[in-house]
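**Q** Below you will find the structure I want to go over with you.
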Number of protein chains: 2
Amino acid sequence: MILTVTLNTALDLTYRVPRLDVHGSHRVREVTERPGGKGLNVARVLAALGHRTVVTGFAGGGTGQELRRLLAEDTSYRAHDAGFPVEDALLPIAGSTRRTVGVVDESSGDTTQLNEPGPQVGPDEWGTLLAAYGRLLRGEPHDGDRARPLPAPRAVALCGSLPPGVPVGAYAQLIREARAAKIPVLLDTSGEPLRRGLAARPDLVKPNSQELAGITGHTEPLRAARGAQRRGARAVAASLGADGMLVVTPEGTWQAMPPERLSGNPTGAGDSAVAGLLSGLVEGLDWPALLARAVALSAATVRSPAAGEFDRDVYEALLPRIAPTLLATAP
Amino acid sequence: MILTVTLNTALDLTYRVPRLDVHGSHRVREVTERPGGKGLNVARVLAALGHRTVVTGFAGGGTGQELRRLLAEDTSYRAHDAGFPVEDALLPIAGSTRRTVGVVDESSGDTTQLNEPGPQVGPDEWGTLLAAYGRLLRGEPHDGDRARPLPAPRAVALCGSLPPGVPVGAYAQLIREARAAKIPVLLDTSGEPLRRGLAARPDLVKPNSQELAGITGHTEPLRAARGAQRRGARAVAASLGADGMLVVTPEGTWQAMPPERLSGNPTGAGDSAVAGLLSGLVEGLDWPALLARAVALSAATVRSPAAGEFDRDVYEALLPRIAPTLLATAP
């Protein structure tokens with residue numbers, strides 16, 4: 001089992017409009033809703049890859065209910081031979097889960113994104129999550145709606161922004177607990193939560209160039225990734241957009257990119273890369289294989305017509321064509 | 001009791017962002033939610049004016065639940081000495097009530113509006129509404145969540161767009177039933193539902209200049225309002241934005257405007273005008289008094305800092321200063 005943690009889950013809405021005019025009034029042509037927040041997106045890809053996956057975090061209010069309903073009804077995993085449904089171990093809170101609205105301008109294909117900040121989380125709610133997370137790590141019954149026993153996770157991913165009220169050191173605390181339980185832990189966040197998280201020594205972090213620059217002050221990716229590693233991560237996987245991904249690890253430094261430039265919708269490409277890394281860690285792949293998988297999944301997500309889903313044919317066709325380059329044998 | 005019908009209710013969201021950049025990503029600074037759809041807005045103003053008001057129409061899904069919760073918890077009427085809570089006789093449907101999103105750009109104060117189309121309504125659901133509406137007209141127990149008896153309405157307002165699946169002649173049918181029950185009926189909609197509604201001879205319609213032009217082909221307001229009256233309405237109240245309002249009636253034609261230009265947020269000004277007209281009809285005001293009230297309420301809504309609410313002090317100060325001009329004694 002793989003556990004993903006999403007403290008700031010979201011009901012992701014996509015609005016299609018013929019053309020977005022600032023200060024105009026628009027009748028939305030088509031509305032789609034899906035359960036979102038980085039950890040939920042990662043979980044869906046993991047489940048499609050055939051890994052039993054559990055999501056925890058917070059869900060509250062009408063939007064939280066809607067998110068859980070959509071998660072329970074999600075059958076996208078069925079498109080994949082090996083797929084499983086994602087299991088819901090989300091915890092209820094008094095506040096309402098946020099919405100995100102992506103407005104797709106059909107005349108240009110571009111998206112304007114509006115993200116609500118998220119619910120206020122109380123200290124008791126954060127305490128409840130910490131306790132439930134501890135039980136999940138130990139394979140004990142959890143606080144979710146269903147109390148059926150789950151195995152202890154083989155890896156944990158901590159994903160996305162923190163909602164208001166959750167302490168900025170939240171991820172650092174969750175990382176320390178996973179390390180104490182000897183469970184590999186991946187962190188995908190930004191800003192101060194990333195900075196604090198690094199100091200708690202996660203096994204892997206997956207920042208993009210901008211997030212790395214924010215933490216280290218370096219804009220050159222290799223230098224920035226090495227800087228992030230020095231701040232505490234065992235390994236750093238830096239996503240570089242069209243330039244693929246760079247991993248800096250104790251065993252060496254590699255870079256890989258897709259064999260050709262890909263056009264499409266980049267929504268969810270980073271989350272698919274996290275799923276690739278995490279599944280590879282659990283399966284015991286070496287770094288080059290793990291990197292190739294992350295890059296292929298990411299590219300197959302850009303190429304998929306449905307935002308946040310990957311195209312399995314593209315993934316399987318790309319994977320053998322991605323050859324990571326060894327940049328250095330030392331970190 | 002006054003009844004307002006909103007077939008396409010909405011959960012109205014307002015997002016405040018420091019600045020709206022097309023194709024950019026925005027963290028929303030502040031989110032507000034309120035129960036919406038024209039008939040609900042009209043009802044809130046009627047209730048604040050001291051009229052017992054019942055809303056019917058459709059509400060479904062998570063957004064419908066949220067809308068009903070917000071309606072039940074709404075205490076804005078308490079700001080008015082005479083205020084009452086709005087009573088909920090909405091009918092559940094399988095589809096989800098739409099959202100509208102107003103994105104306020106704080107750098108300019110301008111709003112970009114995104115309106116979802118609304119849920120698919122099934123023929124059975126429309127039939128259920130028709131039956132419930134008939135019972136409401138006759139003062140019989142209705143199909144809403146509460147079955148406590150209501151008096152028959154003294155006036156009915158039919159407001160806003162039709163959700164998908166509701167027949168385009170829906171308002172015409174609702175008008176015919178109100179007329180058969182000898183209850184005055186006001187129609188506030190646009191396009192084909194307005195055109196069909198006119199033919200069913202409503203007591204009053206309240207189009208704006210654009211809606212009038214769409215129906216009659218005339219851009220000159222007086223000519224267009226007379227055209228709409230010839231198509232079947234007993235009286236036409238045409239809202240003319242900053243130029244106030246024009247009424248064409250069997251007793252004469254009047255125009256009124258606010259004593260000075262008003263700046264502010266026009267959201268809900270048209271709905272407040274409908275509430276002014278409807279309350280005046282029920283109280284037996286003559287046309288000039290009814291027109292003055294509609295214009296004063298509309299202006300007091302533009303001047304209120306809260307979108308869709310009216311400022312009572314502004315309303316009471318403006319009302320005696322609005323002197324309708326008699327344009328013609330014949331229609």
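So you can find residues: chains in the structure tokens are A, B, ... in the order shown, residues in each start at 1, and ligands are numbered from 1 in order.
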Excluding range 192-199 of chain A and any residue of its chain fewer than 6 positions from it, enumerate the residues within 7 Å of it, using only C-alpha atoms, and give them as a PDB file with C-alpha atoms, in the first residue's frame.
**A**
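Written output follows (out-v4.pdb):
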ATOM      1  CA  VAL A 168       4.005  25.600   8.736  1.00  0.00           C
ATOM      2  CA  GLY A 169       6.163  22.780  10.116  1.00  0.00           C
ATOM      3  CA  TYR A 171       5.275  18.344   6.744  1.00  0.00           C
ATOM      4  CA  ALA A 172       8.447  18.249   8.834  1.00  0.00           C
ATOM      5  CA  ILE A 215      14.451  27.766  -1.492  1.00  0.00           C
ATOM      6  CA  ARG A 231      19.483  21.283   3.160  1.00  0.00           C
ATOM      7  CA  GLY A 232      18.461  17.775   4.155  1.00  0.00           C
ATOM      8  CA  ALA A 233      16.809  15.674   1.406  1.00  0.00           C
TER       9      ALA A 233
END
**Q** Taking only C-alpha atoms into account, find every residue of chain B that has an atom no more than 8 Å from chain A, and write it out as a PyMOL selection string.
**A** chain B and resi 20-31+62-63+65-66+110-117
**Q** Could you give me, as a count of residues only, each residue of range 121-234 of chain B that DSSP assigns to strand (DSSP E) when run on this structure's backbone?
**A** 11
**Q** List the spatial neighbours of Gly50 in chain B as a PyMOL selection string - criterion: any atom at most 7 Å away, only C-alpha atoms, same-chain residues fewer than 4 positions off excluded.
**A** chain B and resi 46+82-84
**Q** Those same residues, written as a tab-separated table (two decimals), in the first residue's frame with N, CA and C atoms?
**A**
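In the end it all went to selection_14.tsv:
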chain	number	residue	atom	x	y	z
B	46	LEU	N	-37.86	41.52	-0.90
B	46	LEU	CA	-39.27	41.55	-0.46
B	46	LEU	C	-39.36	41.28	1.05
B	82	ALA	N	-38.51	45.70	9.56
B	82	ALA	CA	-39.71	44.97	9.18
B	82	ALA	C	-39.39	43.58	8.64
B	83	GLY	N	-38.12	43.21	8.62
B	83	GLY	CA	-37.69	42.01	7.89
B	83	GLY	C	-38.20	40.68	8.40
B	84	PHE	N	-38.35	39.75	7.47
B	84	PHE	CA	-38.74	38.37	7.73
B	84	PHE	C	-37.73	37.45	7.06
**Q** Could you give me, as a list in words, each residue of range 46-111 of chain A that DSSP assigns to helix (DSSP H, G or I) when run on this structure's backbone?
**A** Leu46, Ala47, Ala48, Gly61, Gly62, Thr63, Gly64, Gln65, Glu66, Leu67, Arg68, Arg69, Leu70, Leu71, Ala72, Glu73, Ser76, Tyr77, Arg78 and Ala79 of chain A
**Q** Create the file for the chosen residues now, containing N, CA, C and O atoms and written as a PDB file, in the first residue's frame.
**A**
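Full text of selection-v8.pdb as output:
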ATOM      1  N   LEU A  46      -1.109   6.299  -9.304  1.00  0.00           N
ATOM      2  CA  LEU A  46      -0.575   5.102  -8.637  1.00  0.00           C
ATOM      3  C   LEU A  46      -1.558   3.940  -8.758  1.00  0.00           C
ATOM      4  O   LEU A  46      -1.158   2.806  -9.046  1.00  0.00           O
ATOM      5  N   ALA A  47      -2.821   4.226  -8.522  1.00  0.00           N
ATOM      6  CA  ALA A  47      -3.842   3.184  -8.579  1.00  0.00           C
ATOM      7  C   ALA A  47      -3.958   2.638  -9.999  1.00  0.00           C
ATOM      8  O   ALA A  47      -4.075   1.430 -10.203  1.00  0.00           O
ATOM      9  N   ALA A  48      -3.872   3.532 -10.987  1.00  0.00           N
ATOM     10  CA  ALA A  48      -3.932   3.092 -12.386  1.00  0.00           C
ATOM     11  C   ALA A  48      -2.730   2.216 -12.733  1.00  0.00           C
ATOM     12  O   ALA A  48      -2.812   1.337 -13.586  1.00  0.00           O
ATOM     13  N   GLY A  61     -17.394  20.182   4.632  1.00  0.00           N
ATOM     14  CA  GLY A  61     -18.445  20.988   4.003  1.00  0.00           C
ATOM     15  C   GLY A  61     -19.043  20.299   2.782  1.00  0.00           C
ATOM     16  O   GLY A  61     -18.750  19.128   2.487  1.00  0.00           O
ATOM     17  N   GLY A  62     -19.885  21.031   2.072  1.00  0.00           N
ATOM     18  CA  GLY A  62     -20.544  20.497   0.882  1.00  0.00           C
ATOM     19  C   GLY A  62     -19.536  20.111  -0.192  1.00  0.00           C
ATOM     20  O   GLY A  62     -19.688  19.080  -0.855  1.00  0.00           O
ATOM     21  N   THR A  63     -18.478  20.927  -0.346  1.00  0.00           N
ATOM     22  CA  THR A  63     -17.473  20.617  -1.369  1.00  0.00           C
ATOM     23  C   THR A  63     -16.686  19.363  -0.985  1.00  0.00           C
ATOM     24  O   THR A  63     -16.323  18.562  -1.846  1.00  0.00           O
ATOM     25  N   GLY A  64     -16.459  19.180   0.319  1.00  0.00           N
ATOM     26  CA  GLY A  64     -15.758  17.979   0.775  1.00  0.00           C
ATOM     27  C   GLY A  64     -16.582  16.727   0.519  1.00  0.00           C
ATOM     28  O   GLY A  64     -16.065  15.695   0.074  1.00  0.00           O
ATOM     29  N   GLN A  65     -17.890  16.846   0.777  1.00  0.00           N
ATOM     30  CA  GLN A  65     -18.798  15.714   0.511  1.00  0.00           C
ATOM     31  C   GLN A  65     -18.805  15.358  -0.969  1.00  0.00           C
ATOM     32  O   GLN A  65     -18.779  14.195  -1.350  1.00  0.00           O
ATOM     33  N   GLU A  66     -18.864  16.406  -1.782  1.00  0.00           N
ATOM     34  CA  GLU A  66     -18.892  16.213  -3.240  1.00  0.00           C
ATOM     35  C   GLU A  66     -17.593  15.547  -3.693  1.00  0.00           C
ATOM     36  O   GLU A  66     -17.611  14.615  -4.505  1.00  0.00           O
ATOM     37  N   LEU A  67     -16.478  16.001  -3.151  1.00  0.00           N
ATOM     38  CA  LEU A  67     -15.176  15.428  -3.487  1.00  0.00           C
ATOM     39  C   LEU A  67     -15.140  13.937  -3.141  1.00  0.00           C
ATOM     40  O   LEU A  67     -14.704  13.109  -3.946  1.00  0.00           O
ATOM     41  N   ARG A  68     -15.634  13.586  -1.960  1.00  0.00           N
ATOM     42  CA  ARG A  68     -15.593  12.182  -1.535  1.00  0.00           C
ATOM     43  C   ARG A  68     -16.527  11.325  -2.385  1.00  0.00           C
ATOM     44  O   ARG A  68     -16.226  10.174  -2.687  1.00  0.00           O
ATOM     45  N   ARG A  69     -17.669  11.916  -2.758  1.00  0.00           N
ATOM     46  CA  ARG A  69     -18.608  11.195  -3.610  1.00  0.00           C
ATOM     47  C   ARG A  69     -17.955  10.909  -4.970  1.00  0.00           C
ATOM     48  O   ARG A  69     -18.010   9.790  -5.485  1.00  0.00           O
ATOM     49  N   LEU A  70     -17.320  11.931  -5.547  1.00  0.00           N
ATOM     50  CA  LEU A  70     -16.675  11.757  -6.852  1.00  0.00           C
ATOM     51  C   LEU A  70     -15.523  10.763  -6.762  1.00  0.00           C
ATOM     52  O   LEU A  70     -15.288   9.987  -7.691  1.00  0.00           O
ATOM     53  N   LEU A  71     -14.800  10.791  -5.640  1.00  0.00           N
ATOM     54  CA  LEU A  71     -13.678   9.861  -5.452  1.00  0.00           C
ATOM     55  C   LEU A  71     -14.199   8.426  -5.400  1.00  0.00           C
ATOM     56  O   LEU A  71     -13.630   7.516  -6.014  1.00  0.00           O
ATOM     57  N   ALA A  72     -15.308   8.230  -4.673  1.00  0.00           N
ATOM     58  CA  ALA A  72     -15.880   6.881  -4.543  1.00  0.00           C
ATOM     59  C   ALA A  72     -16.422   6.387  -5.883  1.00  0.00           C
ATOM     60  O   ALA A  72     -16.390   5.192  -6.174  1.00  0.00           O
ATOM     61  N   GLU A  73     -16.910   7.330  -6.707  1.00  0.00           N
ATOM     62  CA  GLU A  73     -17.529   6.954  -7.987  1.00  0.00           C
ATOM     63  C   GLU A  73     -16.534   6.905  -9.139  1.00  0.00           C
ATOM     64  O   GLU A  73     -16.892   6.514 -10.247  1.00  0.00           O
ATOM     65  N   SER A  76     -12.053   5.846 -13.433  1.00  0.00           N
ATOM     66  CA  SER A  76     -11.035   6.059 -14.475  1.00  0.00           C
ATOM     67  C   SER A  76      -9.969   4.963 -14.429  1.00  0.00           C
ATOM     68  O   SER A  76      -9.387   4.621 -15.444  1.00  0.00           O
ATOM     69  N   TYR A  77      -9.750   4.383 -13.214  1.00  0.00           N
ATOM     70  CA  TYR A  77      -8.739   3.317 -13.093  1.00  0.00           C
ATOM     71  C   TYR A  77      -9.092   2.104 -13.964  1.00  0.00           C
ATOM     72  O   TYR A  77      -8.228   1.322 -14.333  1.00  0.00           O
ATOM     73  N   ARG A  78     -10.367   1.964 -14.275  1.00  0.00           N
ATOM     74  CA  ARG A  78     -10.793   0.803 -15.069  1.00  0.00           C
ATOM     75  C   ARG A  78     -10.243   0.838 -16.486  1.00  0.00           C
ATOM     76  O   ARG A  78     -10.224  -0.163 -17.178  1.00  0.00           O
ATOM     77  N   ALA A  79      -9.831   2.036 -16.915  1.00  0.00           N
ATOM     78  CA  ALA A  79      -9.242   2.155 -18.245  1.00  0.00           C
ATOM     79  C   ALA A  79      -7.877   1.462 -18.289  1.00  0.00           C
ATOM     80  O   ALA A  79      -7.311   1.277 -19.362  1.00  0.00           O
TER      81      ALA A  79
END
**Q** Using only C-alpha atoms, which residues sit within 10 Å of Ser279 in chain B once same-chain residues fewer than 5 positions away are excluded, as a PyMOL selection string?
**A** chain B and resi 2+45-47+49-51+154-155+273-274+284-285+290+293-294
**Q** What does the file look like for those residues with N, CA, C and O atoms, as a PDB file, in the first residue's frame?
**A**
ATOM      1  N   ILE B   2     -46.038  36.539  -0.845  1.00  0.00           N
ATOM      2  CA  ILE B   2     -45.612  36.694  -2.240  1.00  0.00           C
ATOM      3  C   ILE B   2     -44.765  35.478  -2.597  1.00  0.00           C
ATOM      4  O   ILE B   2     -43.934  35.033  -1.795  1.00  0.00           O
ATOM      5  N   VAL B  45     -35.158  40.796  -0.934  1.00  0.00           N
ATOM      6  CA  VAL B  45     -35.519  42.221  -0.835  1.00  0.00           C
ATOM      7  C   VAL B  45     -36.968  42.361  -0.364  1.00  0.00           C
ATOM      8  O   VAL B  45     -37.275  43.192   0.503  1.00  0.00           O
ATOM      9  N   LEU B  46     -37.864  41.523  -0.899  1.00  0.00           N
ATOM     10  CA  LEU B  46     -39.271  41.554  -0.459  1.00  0.00           C
ATOM     11  C   LEU B  46     -39.363  41.280   1.046  1.00  0.00           C
ATOM     12  O   LEU B  46     -40.102  41.959   1.772  1.00  0.00           O
ATOM     13  N   ALA B  47     -38.605  40.286   1.503  1.00  0.00           N
ATOM     14  CA  ALA B  47     -38.639  39.920   2.921  1.00  0.00           C
ATOM     15  C   ALA B  47     -38.109  41.075   3.774  1.00  0.00           C
ATOM     16  O   ALA B  47     -38.662  41.383   4.833  1.00  0.00           O
ATOM     17  N   LEU B  49     -38.363  44.106   3.072  1.00  0.00           N
ATOM     18  CA  LEU B  49     -39.387  45.158   3.042  1.00  0.00           C
ATOM     19  C   LEU B  49     -40.596  44.802   3.909  1.00  0.00           C
ATOM     20  O   LEU B  49     -41.534  45.584   4.014  1.00  0.00           O
ATOM     21  N   GLY B  50     -40.584  43.608   4.499  1.00  0.00           N
ATOM     22  CA  GLY B  50     -41.655  43.240   5.418  1.00  0.00           C
ATOM     23  C   GLY B  50     -42.743  42.390   4.812  1.00  0.00           C
ATOM     24  O   GLY B  50     -43.809  42.224   5.415  1.00  0.00           O
ATOM     25  N   HIS B  51     -42.492  41.825   3.621  1.00  0.00           N
ATOM     26  CA  HIS B  51     -43.481  40.940   3.000  1.00  0.00           C
ATOM     27  C   HIS B  51     -43.129  39.486   3.274  1.00  0.00           C
ATOM     28  O   HIS B  51     -41.985  39.083   3.066  1.00  0.00           O
ATOM     29  N   ARG B 154     -50.401  36.609  -2.915  1.00  0.00           N
ATOM     30  CA  ARG B 154     -51.085  37.803  -3.422  1.00  0.00           C
ATOM     31  C   ARG B 154     -50.447  38.274  -4.724  1.00  0.00           C
ATOM     32  O   ARG B 154     -50.988  39.133  -5.424  1.00  0.00           O
ATOM     33  N   ALA B 155     -49.249  37.745  -5.026  1.00  0.00           N
ATOM     34  CA  ALA B 155     -48.586  38.020  -6.313  1.00  0.00           C
ATOM     35  C   ALA B 155     -47.514  36.959  -6.514  1.00  0.00           C
ATOM     36  O   ALA B 155     -47.041  36.362  -5.549  1.00  0.00           O
ATOM     37  N   ALA B 273     -35.405  46.085  -8.234  1.00  0.00           N
ATOM     38  CA  ALA B 273     -36.482  46.782  -8.940  1.00  0.00           C
ATOM     39  C   ALA B 273     -37.715  45.880  -9.026  1.00  0.00           C
ATOM     40  O   ALA B 273     -38.849  46.333  -8.804  1.00  0.00           O
ATOM     41  N   VAL B 274     -37.511  44.600  -9.321  1.00  0.00           N
ATOM     42  CA  VAL B 274     -38.639  43.654  -9.377  1.00  0.00           C
ATOM     43  C   VAL B 274     -39.331  43.595  -8.015  1.00  0.00           C
ATOM     44  O   VAL B 274     -40.571  43.619  -7.929  1.00  0.00           O
ATOM     45  N   GLY B 284     -51.121  47.832  -3.523  1.00  0.00           N
ATOM     46  CA  GLY B 284     -52.107  48.638  -4.243  1.00  0.00           C
ATOM     47  C   GLY B 284     -51.628  50.047  -4.580  1.00  0.00           C
ATOM     48  O   GLY B 284     -52.427  50.961  -4.754  1.00  0.00           O
ATOM     49  N   LEU B 285     -50.303  50.242  -4.688  1.00  0.00           N
ATOM     50  CA  LEU B 285     -49.788  51.564  -5.074  1.00  0.00           C
ATOM     51  C   LEU B 285     -50.191  51.874  -6.513  1.00  0.00           C
ATOM     52  O   LEU B 285     -50.359  50.965  -7.331  1.00  0.00           O
ATOM     53  N   LEU B 290     -45.307  53.167  -7.511  1.00  0.00           N
ATOM     54  CA  LEU B 290     -44.684  51.865  -7.717  1.00  0.00           C
ATOM     55  C   LEU B 290     -43.352  52.021  -8.469  1.00  0.00           C
ATOM     56  O   LEU B 290     -42.329  51.413  -8.122  1.00  0.00           O
ATOM     57  N   ARG B 293     -40.719  53.615  -6.222  1.00  0.00           N
ATOM     58  CA  ARG B 293     -40.160  52.631  -5.287  1.00  0.00           C
ATOM     59  C   ARG B 293     -39.137  51.733  -5.986  1.00  0.00           C
ATOM     60  O   ARG B 293     -38.066  51.451  -5.444  1.00  0.00           O
ATOM     61  N   ALA B 294     -39.477  51.274  -7.186  1.00  0.00           N
ATOM     62  CA  ALA B 294     -38.565  50.388  -7.917  1.00  0.00           C
ATOM     63  C   ALA B 294     -37.237  51.096  -8.203  1.00  0.00           C
ATOM     64  O   ALA B 294     -36.161  50.518  -8.033  1.00  0.00           O
TER      65      ALA B 294
END
**Q** What is the CA of Thr6 in chain A to CA of Val282 in chain A distance in Å?
**A** 19.7 Å
**Q** Work out how far CA of Leu158 in chain B is from CA of Ile175 in chain B, in Å to one decimal.
**A** 8.3 Å
**Q** Tell me, as a list in words, which residues lie within 10 Å of Ile93 in chain B, counting only C-alpha atoms; anything in the same chain fewer than 2 positions away does not count.
**A**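 Returned residues: Gly57, Phe58, Ala59, Gly60, Gly61, Gly64, Leu90, Leu91, Gly95, Ser96, Thr97, Pro119, Gln120, Val121, Gly122, Asp124, Glu125, Trp126, Thr128 and Leu129 of chain B.
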**Q** Selection from above, N, CA, C and O atoms, as a PDB file, in the first residue's frame, can you write it?
**A**
ATOM      1  N   GLY B  57     -38.938  26.520  -6.864  1.00  0.00           N
ATOM      2  CA  GLY B  57     -38.032  26.269  -7.982  1.00  0.00           C
ATOM      3  C   GLY B  57     -37.306  24.983  -7.669  1.00  0.00           C
ATOM      4  O   GLY B  57     -37.786  24.186  -6.858  1.00  0.00           O
ATOM      5  N   PHE B  58     -36.134  24.792  -8.305  1.00  0.00           N
ATOM      6  CA  PHE B  58     -35.398  23.538  -8.124  1.00  0.00           C
ATOM      7  C   PHE B  58     -34.098  23.766  -7.357  1.00  0.00           C
ATOM      8  O   PHE B  58     -33.448  24.803  -7.504  1.00  0.00           O
ATOM      9  N   ALA B  59     -33.725  22.781  -6.549  1.00  0.00           N
ATOM     10  CA  ALA B  59     -32.399  22.784  -5.912  1.00  0.00           C
ATOM     11  C   ALA B  59     -31.948  21.329  -5.828  1.00  0.00           C
ATOM     12  O   ALA B  59     -32.702  20.472  -5.359  1.00  0.00           O
ATOM     13  N   GLY B  60     -30.726  21.044  -6.286  1.00  0.00           N
ATOM     14  CA  GLY B  60     -30.250  19.656  -6.267  1.00  0.00           C
ATOM     15  C   GLY B  60     -28.757  19.542  -6.059  1.00  0.00           C
ATOM     16  O   GLY B  60     -28.018  20.531  -6.192  1.00  0.00           O
ATOM     17  N   GLY B  61     -28.320  18.355  -5.698  1.00  0.00           N
ATOM     18  CA  GLY B  61     -26.887  18.069  -5.539  1.00  0.00           C
ATOM     19  C   GLY B  61     -26.280  18.786  -4.353  1.00  0.00           C
ATOM     20  O   GLY B  61     -26.975  19.396  -3.529  1.00  0.00           O
ATOM     21  N   GLY B  64     -26.990  22.468  -4.355  1.00  0.00           N
ATOM     22  CA  GLY B  64     -28.365  22.752  -3.953  1.00  0.00           C
ATOM     23  C   GLY B  64     -28.513  22.694  -2.431  1.00  0.00           C
ATOM     24  O   GLY B  64     -29.187  23.536  -1.828  1.00  0.00           O
ATOM     25  N   LEU B  90     -38.464  25.138  -2.117  1.00  0.00           N
ATOM     26  CA  LEU B  90     -37.740  24.616  -3.281  1.00  0.00           C
ATOM     27  C   LEU B  90     -37.947  23.106  -3.379  1.00  0.00           C
ATOM     28  O   LEU B  90     -38.156  22.441  -2.363  1.00  0.00           O
ATOM     29  N   LEU B  91     -37.873  22.581  -4.587  1.00  0.00           N
ATOM     30  CA  LEU B  91     -38.077  21.145  -4.798  1.00  0.00           C
ATOM     31  C   LEU B  91     -36.760  20.479  -5.161  1.00  0.00           C
ATOM     32  O   LEU B  91     -36.020  20.997  -5.999  1.00  0.00           O
ATOM     33  N   GLY B  95     -30.294  16.422 -10.549  1.00  0.00           N
ATOM     34  CA  GLY B  95     -29.119  17.168 -11.019  1.00  0.00           C
ATOM     35  C   GLY B  95     -28.630  18.147  -9.969  1.00  0.00           C
ATOM     36  O   GLY B  95     -29.282  18.377  -8.953  1.00  0.00           O
ATOM     37  N   SER B  96     -27.457  18.724 -10.221  1.00  0.00           N
ATOM     38  CA  SER B  96     -26.855  19.660  -9.274  1.00  0.00           C
ATOM     39  C   SER B  96     -27.151  21.095  -9.666  1.00  0.00           C
ATOM     40  O   SER B  96     -26.955  21.483 -10.826  1.00  0.00           O
ATOM     41  N   THR B  97     -27.594  21.871  -8.683  1.00  0.00           N
ATOM     42  CA  THR B  97     -27.774  23.307  -8.858  1.00  0.00           C
ATOM     43  C   THR B  97     -26.472  23.915  -9.367  1.00  0.00           C
ATOM     44  O   THR B  97     -25.389  23.520  -8.955  1.00  0.00           O
ATOM     45  N   PRO B 119     -28.567  22.515 -14.073  1.00  0.00           N
ATOM     46  CA  PRO B 119     -28.753  21.070 -14.155  1.00  0.00           C
ATOM     47  C   PRO B 119     -29.741  20.673 -15.241  1.00  0.00           C
ATOM     48  O   PRO B 119     -30.599  21.465 -15.625  1.00  0.00           O
ATOM     49  N   GLN B 120     -29.618  19.447 -15.699  1.00  0.00           N
ATOM     50  CA  GLN B 120     -30.629  18.879 -16.596  1.00  0.00           C
ATOM     51  C   GLN B 120     -31.852  18.538 -15.740  1.00  0.00           C
ATOM     52  O   GLN B 120     -31.730  17.847 -14.733  1.00  0.00           O
ATOM     53  N   VAL B 121     -33.008  19.070 -16.116  1.00  0.00           N
ATOM     54  CA  VAL B 121     -34.236  18.793 -15.373  1.00  0.00           C
ATOM     55  C   VAL B 121     -35.062  17.784 -16.169  1.00  0.00           C
ATOM     56  O   VAL B 121     -35.272  17.969 -17.374  1.00  0.00           O
ATOM     57  N   GLY B 122     -35.487  16.731 -15.522  1.00  0.00           N
ATOM     58  CA  GLY B 122     -36.262  15.691 -16.206  1.00  0.00           C
ATOM     59  C   GLY B 122     -37.735  16.056 -16.312  1.00  0.00           C
ATOM     60  O   GLY B 122     -38.230  16.887 -15.551  1.00  0.00           O
ATOM     61  N   ASP B 124     -40.310  14.425 -15.380  1.00  0.00           N
ATOM     62  CA  ASP B 124     -41.023  14.138 -14.129  1.00  0.00           C
ATOM     63  C   ASP B 124     -40.815  15.267 -13.128  1.00  0.00           C
ATOM     64  O   ASP B 124     -41.732  15.631 -12.376  1.00  0.00           O
ATOM     65  N   GLU B 125     -39.588  15.786 -13.111  1.00  0.00           N
ATOM     66  CA  GLU B 125     -39.264  16.857 -12.161  1.00  0.00           C
ATOM     67  C   GLU B 125     -40.042  18.128 -12.513  1.00  0.00           C
ATOM     68  O   GLU B 125     -40.559  18.821 -11.624  1.00  0.00           O
ATOM     69  N   TRP B 126     -40.117  18.407 -13.799  1.00  0.00           N
ATOM     70  CA  TRP B 126     -40.903  19.574 -14.235  1.00  0.00           C
ATOM     71  C   TRP B 126     -42.384  19.363 -13.870  1.00  0.00           C
ATOM     72  O   TRP B 126     -43.061  20.273 -13.376  1.00  0.00           O
ATOM     73  N   THR B 128     -43.526  17.599 -11.391  1.00  0.00           N
ATOM     74  CA  THR B 128     -43.638  17.760  -9.935  1.00  0.00           C
ATOM     75  C   THR B 128     -43.691  19.241  -9.567  1.00  0.00           C
ATOM     76  O   THR B 128     -44.467  19.658  -8.707  1.00  0.00           O
ATOM     77  N   LEU B 129     -42.875  20.035 -10.252  1.00  0.00           N
ATOM     78  CA  LEU B 129     -42.884  21.463  -9.959  1.00  0.00           C
ATOM     79  C   LEU B 129     -44.225  22.087 -10.317  1.00  0.00           C
ATOM     80  O   LEU B 129     -44.793  22.878  -9.549  1.00  0.00           O
TER      81      LEU B 129
END
**Q** Near Thr325 in chain B, within 7 Å and counting only C-alpha atoms, which residues show up once chain neighbours fewer than 2 positions away are dropped, as a list in words?
**A**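 Non-adjacent residues within range: Trp254, Gln255, Ala256, Ala323 and Leu327 of chain B.
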**Q** Can you pull out every residue within 12 Å of Gln210 in chain A, counting only C-alpha atoms, but drop anything in the same chain fewer than 4 positions away, and send it as a count of residues only?
**A** 18
**Q** What is the distance between CA of Arg99 in chain B and CA of Val42 in chain A, in Å to one decimal?
**A** 27.6 Å
**Q** Nearest to Thr53 in chain B: which of B:Thr267, B:Ala200, B:Glu211, B:Ala275 is it, counting only C-alpha atoms?
**A**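 Comparing B:Thr267, B:Ala200, B:Glu211, B:Ala275 against Thr53 in chain B, the winner is B:Ala275.
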